[in-house]
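Below: the structure, in structure tokens.
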Amino acid sequence: MENTVTNDLSGLKRPGETTAYDQWLADEGIPVIGGYAIEDLNQVPLEPWKRKGGKGAMINLAGHEQSNDAYVCEIPPGGRLNPQKHLYEEAILILGGRGATTVWNEGGPKQTFEWSRWSLFSIPLNAWHQHFNGQGEEPARYFAVTGAPSMISQFHNLDFIFNNSYVFKDRFSGEENYFGGSGVLEDVSSAGKGNRKVWKTNFIPDVTSFKLYEWKEKGAQSYVALDMTGNTLGAHISEIPVASYVKAHRHGPGANVTIVDGQGYTLMWLEGQPKMKVPWRTGSLVVPPGNWFHQHFNTGRTPARQVALRWGTMKHPVGKQWRLGQSVKTGGDMIEYEDEDPEVRQMYETEIVRNGLKIQMPPIRREPAK
């Protein structure tokens with residue numbers, strides 16, 4: 001997976017195309033990584049980040065399309081980052097280490113919770129927050145997805161974004177145990193998406209052990225959607241069984257598919273164009289571009305688990321409502337197994353044979369050619 005790294009964004013845009021977000025990003029003074037995927041978020045090179053008080057790198061892959069962005073940040077051993085607040089949403093996945101985060105509204109009570117590797121949480125909109133490294137010997141590293149691009153470009157006023165006094169009490173008002181890890185499970189059925197489970201929570205201690213549920217419309221996959229801190233920046237956790245793969249599907253940009261366990265690859269393509277093959281393993285990041293079909297394949301000997309940080313929750317949908325559980329033949333955005341290119345399964349079976357595996361999926365029954 002090839003990536004570009006630059007601190008100078010001037011060559012990436014023609015005159016008149018630079019957004020307020022582009023300028024802000026250049027002024028942050030940290031590396032900006034491009035491409036289609038990241039092989040290992042734990043190996044992303046970081047540089048000092050003055051605003052944060054630690055080290056960081058911004059990730060702007062082709063699939064982000066400035067609908068959202070991502071970054072990796074490191075907290076020094078036994079240290080802390082600077083207190084922050086901002087008028088854009090943010091979701092955080094811990095890549096390594098253990099520590100704590102304190103969240104509060106101006107003049108309100110503080111809530112502190114502890115986290116470790118593969119913890120997932122969301123920062124309430126415009127709330128103060130500060131991250132602490134609980135280890136004195138090793139840095140702690142996390143991955144975050146934010147809504148900064150659209151908000152900064154829309155208002156093009158950094159004082160409004162970073163020094164806004166408005167308190168979103170409907171999202172967070174200092175409630176006790178707000179980040180205690182409890183939640184509510186909801187069954188959701190929607191046209192074109194089928195039956196799914198949604199977990200409403202503000203903190204998940206470990207996404208690798210979190211219970212998932214069948215989503216039969218998507219094929220060989222278990223799944224749960226996440227609704228966190230009332231934000232529109234949502235998430236889902238999914239898992240592909242051994243020797244299996246999911247159906248191809250498409251949706252909007254900015255779905256940050258992070259591999260938290262397992263190995264495999266993703267095929268990505270714009271309809272009518274050649275397919276791009278992106279290998280992944282634990283720690284990888286893949287962000288398919290908007291409207292590109294993509295399909296995830298498990299080639300390892302253990303289930304492959306992914307966390308996707310993306311726009312839209314069941315309560316707060318965003319933009320076009322894609323029909324991920326409905327075939328393209330009936331107006332949806334998913335390709336049924338029997339309608340996929342025969343080379344897709346042939347390629348997959350060849351891949352897993354190298355690992356001594358045999359496909360664990362029913363044979364495809366294709367309609368005879370007329």
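Quick note on naming: the chains in the structure tokens go A, B, ... in the order shown, residues restart at 1 in each chain, and ligands are numbered from 1 in order of appearance.
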DSSP strand (DSSP E or B) selection over stretch 239-323 of chain A, as a PyMOL selection string: chain A and resi 239-240+245-246+248-249+256-261+263-269+276-281+285-286+293-298+304-311
Residues within 7 Å of A:Asn256, only C-alpha atoms, excluding chain neighbours under 2 positions, as a PDB file with N, CA, C and O atoms, in the first residue's frame:
```pdb
ATOM      1  N   GLY A 254     -15.753   8.410   3.211  1.00  0.00           N
ATOM      2  CA  GLY A 254     -15.441   8.645   4.617  1.00  0.00           C
ATOM      3  C   GLY A 254     -15.710   7.501   5.562  1.00  0.00           C
ATOM      4  O   GLY A 254     -15.800   7.729   6.770  1.00  0.00           O
ATOM      5  N   THR A 258     -11.183   0.048   9.883  1.00  0.00           N
ATOM      6  CA  THR A 258      -9.966  -0.221  10.641  1.00  0.00           C
ATOM      7  C   THR A 258      -9.957  -1.687  11.058  1.00  0.00           C
ATOM      8  O   THR A 258     -10.916  -2.175  11.648  1.00  0.00           O
ATOM      9  N   LEU A 285      -5.779   0.310   7.797  1.00  0.00           N
ATOM     10  CA  LEU A 285      -6.905   1.208   7.552  1.00  0.00           C
ATOM     11  C   LEU A 285      -7.202   1.231   6.064  1.00  0.00           C
ATOM     12  O   LEU A 285      -6.298   1.405   5.252  1.00  0.00           O
ATOM     13  N   VAL A 286      -8.484   1.053   5.704  1.00  0.00           N
ATOM     14  CA  VAL A 286      -8.929   1.135   4.318  1.00  0.00           C
ATOM     15  C   VAL A 286     -10.119   2.088   4.274  1.00  0.00           C
ATOM     16  O   VAL A 286     -11.053   1.955   5.070  1.00  0.00           O
ATOM     17  N   VAL A 287     -10.087   3.044   3.338  1.00  0.00           N
ATOM     18  CA  VAL A 287     -11.195   4.007   3.193  1.00  0.00           C
ATOM     19  C   VAL A 287     -11.638   3.999   1.727  1.00  0.00           C
ATOM     20  O   VAL A 287     -11.033   4.672   0.890  1.00  0.00           O
ATOM     21  N   ALA A 308     -15.583   0.294  11.612  1.00  0.00           N
ATOM     22  CA  ALA A 308     -15.714   1.351  10.606  1.00  0.00           C
ATOM     23  C   ALA A 308     -16.262   2.606  11.272  1.00  0.00           C
ATOM     24  O   ALA A 308     -17.369   2.606  11.815  1.00  0.00           O
ATOM     25  N   LEU A 309     -15.470   3.665  11.258  1.00  0.00           N
ATOM     26  CA  LEU A 309     -15.892   4.973  11.768  1.00  0.00           C
ATOM     27  C   LEU A 309     -16.344   5.791  10.568  1.00  0.00           C
ATOM     28  O   LEU A 309     -15.558   6.052   9.656  1.00  0.00           O
ATOM     29  N   ARG A 310     -17.607   6.219  10.584  1.00  0.00           N
ATOM     30  CA  ARG A 310     -18.204   6.780   9.376  1.00  0.00           C
ATOM     31  C   ARG A 310     -19.381   7.689   9.731  1.00  0.00           C
ATOM     32  O   ARG A 310     -19.809   7.756  10.871  1.00  0.00           O
TER      33      ARG A 310
END
```
Residue with smallest distance to A:Asp333 - pool A:Thr313, A:Thr266, A:Gln273, A:Asn291, counting only C-alpha atoms: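 Checking each of A:Thr313, A:Thr266, A:Gln273, A:Asn291 against A:Asp333, counting only C-alpha atoms, the winner is A:Asn291.
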Shell of 9 Å around A:Leu46, only C-alpha atoms, local chain residues under 6 positions omitted, as a PDB file with N, CA and C atoms, in the first residue's frame:
```pdb
ATOM      1  N   ILE A  30       2.077  19.154  10.773  1.00  0.00           N
ATOM      2  CA  ILE A  30       2.347  17.725  10.947  1.00  0.00           C
ATOM      3  C   ILE A  30       2.261  17.023   9.592  1.00  0.00           C
ATOM      4  N   PRO A  31       2.802  15.810   9.465  1.00  0.00           N
ATOM      5  CA  PRO A  31       2.709  15.095   8.188  1.00  0.00           C
ATOM      6  C   PRO A  31       1.258  14.845   7.790  1.00  0.00           C
ATOM      7  N   LYS A  55       2.634  13.948  19.676  1.00  0.00           N
ATOM      8  CA  LYS A  55       3.071  13.752  18.303  1.00  0.00           C
ATOM      9  C   LYS A  55       1.881  13.286  17.469  1.00  0.00           C
ATOM     10  N   GLY A  56       1.904  13.629  16.157  1.00  0.00           N
ATOM     11  CA  GLY A  56       0.771  13.235  15.339  1.00  0.00           C
ATOM     12  C   GLY A  56       1.046  13.259  13.859  1.00  0.00           C
ATOM     13  N   ALA A  57       0.097  12.726  13.117  1.00  0.00           N
ATOM     14  CA  ALA A  57       0.086  12.770  11.654  1.00  0.00           C
ATOM     15  C   ALA A  57      -1.363  12.763  11.205  1.00  0.00           C
ATOM     16  N   VAL A  72      -3.585  10.173  13.563  1.00  0.00           N
ATOM     17  CA  VAL A  72      -2.983   9.332  14.591  1.00  0.00           C
ATOM     18  C   VAL A  72      -2.243  10.247  15.543  1.00  0.00           C
ATOM     19  N   CYS A  73      -2.405  10.024  16.830  1.00  0.00           N
ATOM     20  CA  CYS A  73      -1.760  10.856  17.840  1.00  0.00           C
ATOM     21  C   CYS A  73      -1.127   9.975  18.907  1.00  0.00           C
ATOM     22  N   GLU A  74      -0.011  10.454  19.435  1.00  0.00           N
ATOM     23  CA  GLU A  74       0.721   9.714  20.462  1.00  0.00           C
ATOM     24  C   GLU A  74       0.882  10.581  21.704  1.00  0.00           C
TER      25      GLU A  74
END
```
Nearest to A:Val353 by atom-to-atom distance, counting only C-alpha atoms, from A:Gly319, A:Gly108, A:Gly300, A:Gly234: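 Closest to A:Val353, using only C-alpha atoms: A:Gly300.
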At most 10 Å is the cut-off: for each residue in stretch 163-271 of chain A with any atom that close to an atom of stretch 92-96 of chain A, write down the nearest atom pair and the distance in Å rounded to one decimal, counting only C-alpha atoms, chain first then increasing number, as a tab-separated table.
```
residue	atom	partner	partner_atom	distance
A:Phe203	CA	A:Ile92	CA	9.9
A:Ile204	CA	A:Leu93	CA	9.6
A:Pro205	CA	A:Ile94	CA	9.8
A:Asp206	CA	A:Ile94	CA	9.3
A:Val207	CA	A:Leu93	CA	9.0
A:Thr258	CA	A:Leu93	CA	9.2
A:Val260	CA	A:Leu95	CA	8.8
```
Nearest candidate to A:Lys52 (options A:Pro149, A:Gly219, A:Pro83, A:Pro139; using only C-alpha atoms):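 The shortest atom-to-atom distance to A:Lys52 comes from A:Pro83.
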Residue list (alpha helix (DSSP H), DSSP) for stretch 221-369 of chain A, as number ranges by chain: A: 342-353
Which residue of A:Glu89, A:Glu351, A:Glu106, A:Glu271 approaches A:Lys169 most closely, using only C-alpha atoms: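 Closest to A:Lys169 of all the choices is A:Glu106.
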Nearest to A:Asn105, chosen from A:Thr330, A:Gln84, A:Gln66, A:Gln295, with only C-alpha atoms counted in the distances: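 Smallest separation from A:Asn105 among the options: A:Gln84.
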For A:Val278: contacts at 8 Å, only C-alpha atoms, fewer than 2 positions along chain excluded, given as an NGL selection string: :A and (1 or 37 or 265-268 or 276 or 280 or 286)
Based on the selection just made, write C-alpha atoms of those residues as a PDB file, in the first residue's frame.
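part_23.pdb was written with the following content:
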```pdb
ATOM      1  CA  MET A   1       0.000   0.000   0.000  1.00  0.00           C
ATOM      2  CA  ALA A  37      -5.026   2.663   2.645  1.00  0.00           C
ATOM      3  CA  TYR A 265      -7.815  -8.022   1.508  1.00  0.00           C
ATOM      4  CA  THR A 266     -10.380  -5.646   0.044  1.00  0.00           C
ATOM      5  CA  LEU A 267     -11.350  -5.245  -3.594  1.00  0.00           C
ATOM      6  CA  MET A 268     -12.413  -1.701  -4.541  1.00  0.00           C
ATOM      7  CA  MET A 276      -7.989  -2.490  -6.937  1.00  0.00           C
ATOM      8  CA  TRP A 280      -4.763  -5.717   5.169  1.00  0.00           C
ATOM      9  CA  VAL A 286      -8.929   1.135   4.318  1.00  0.00           C
TER      10      VAL A 286
END
```
Separation of atom CA of A:Arg117 from atom CA of A:Gln135 in Å: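 Calculated distance between atom CA of A:Gln135 and atom CA of A:Arg117 is 12.4 Å.
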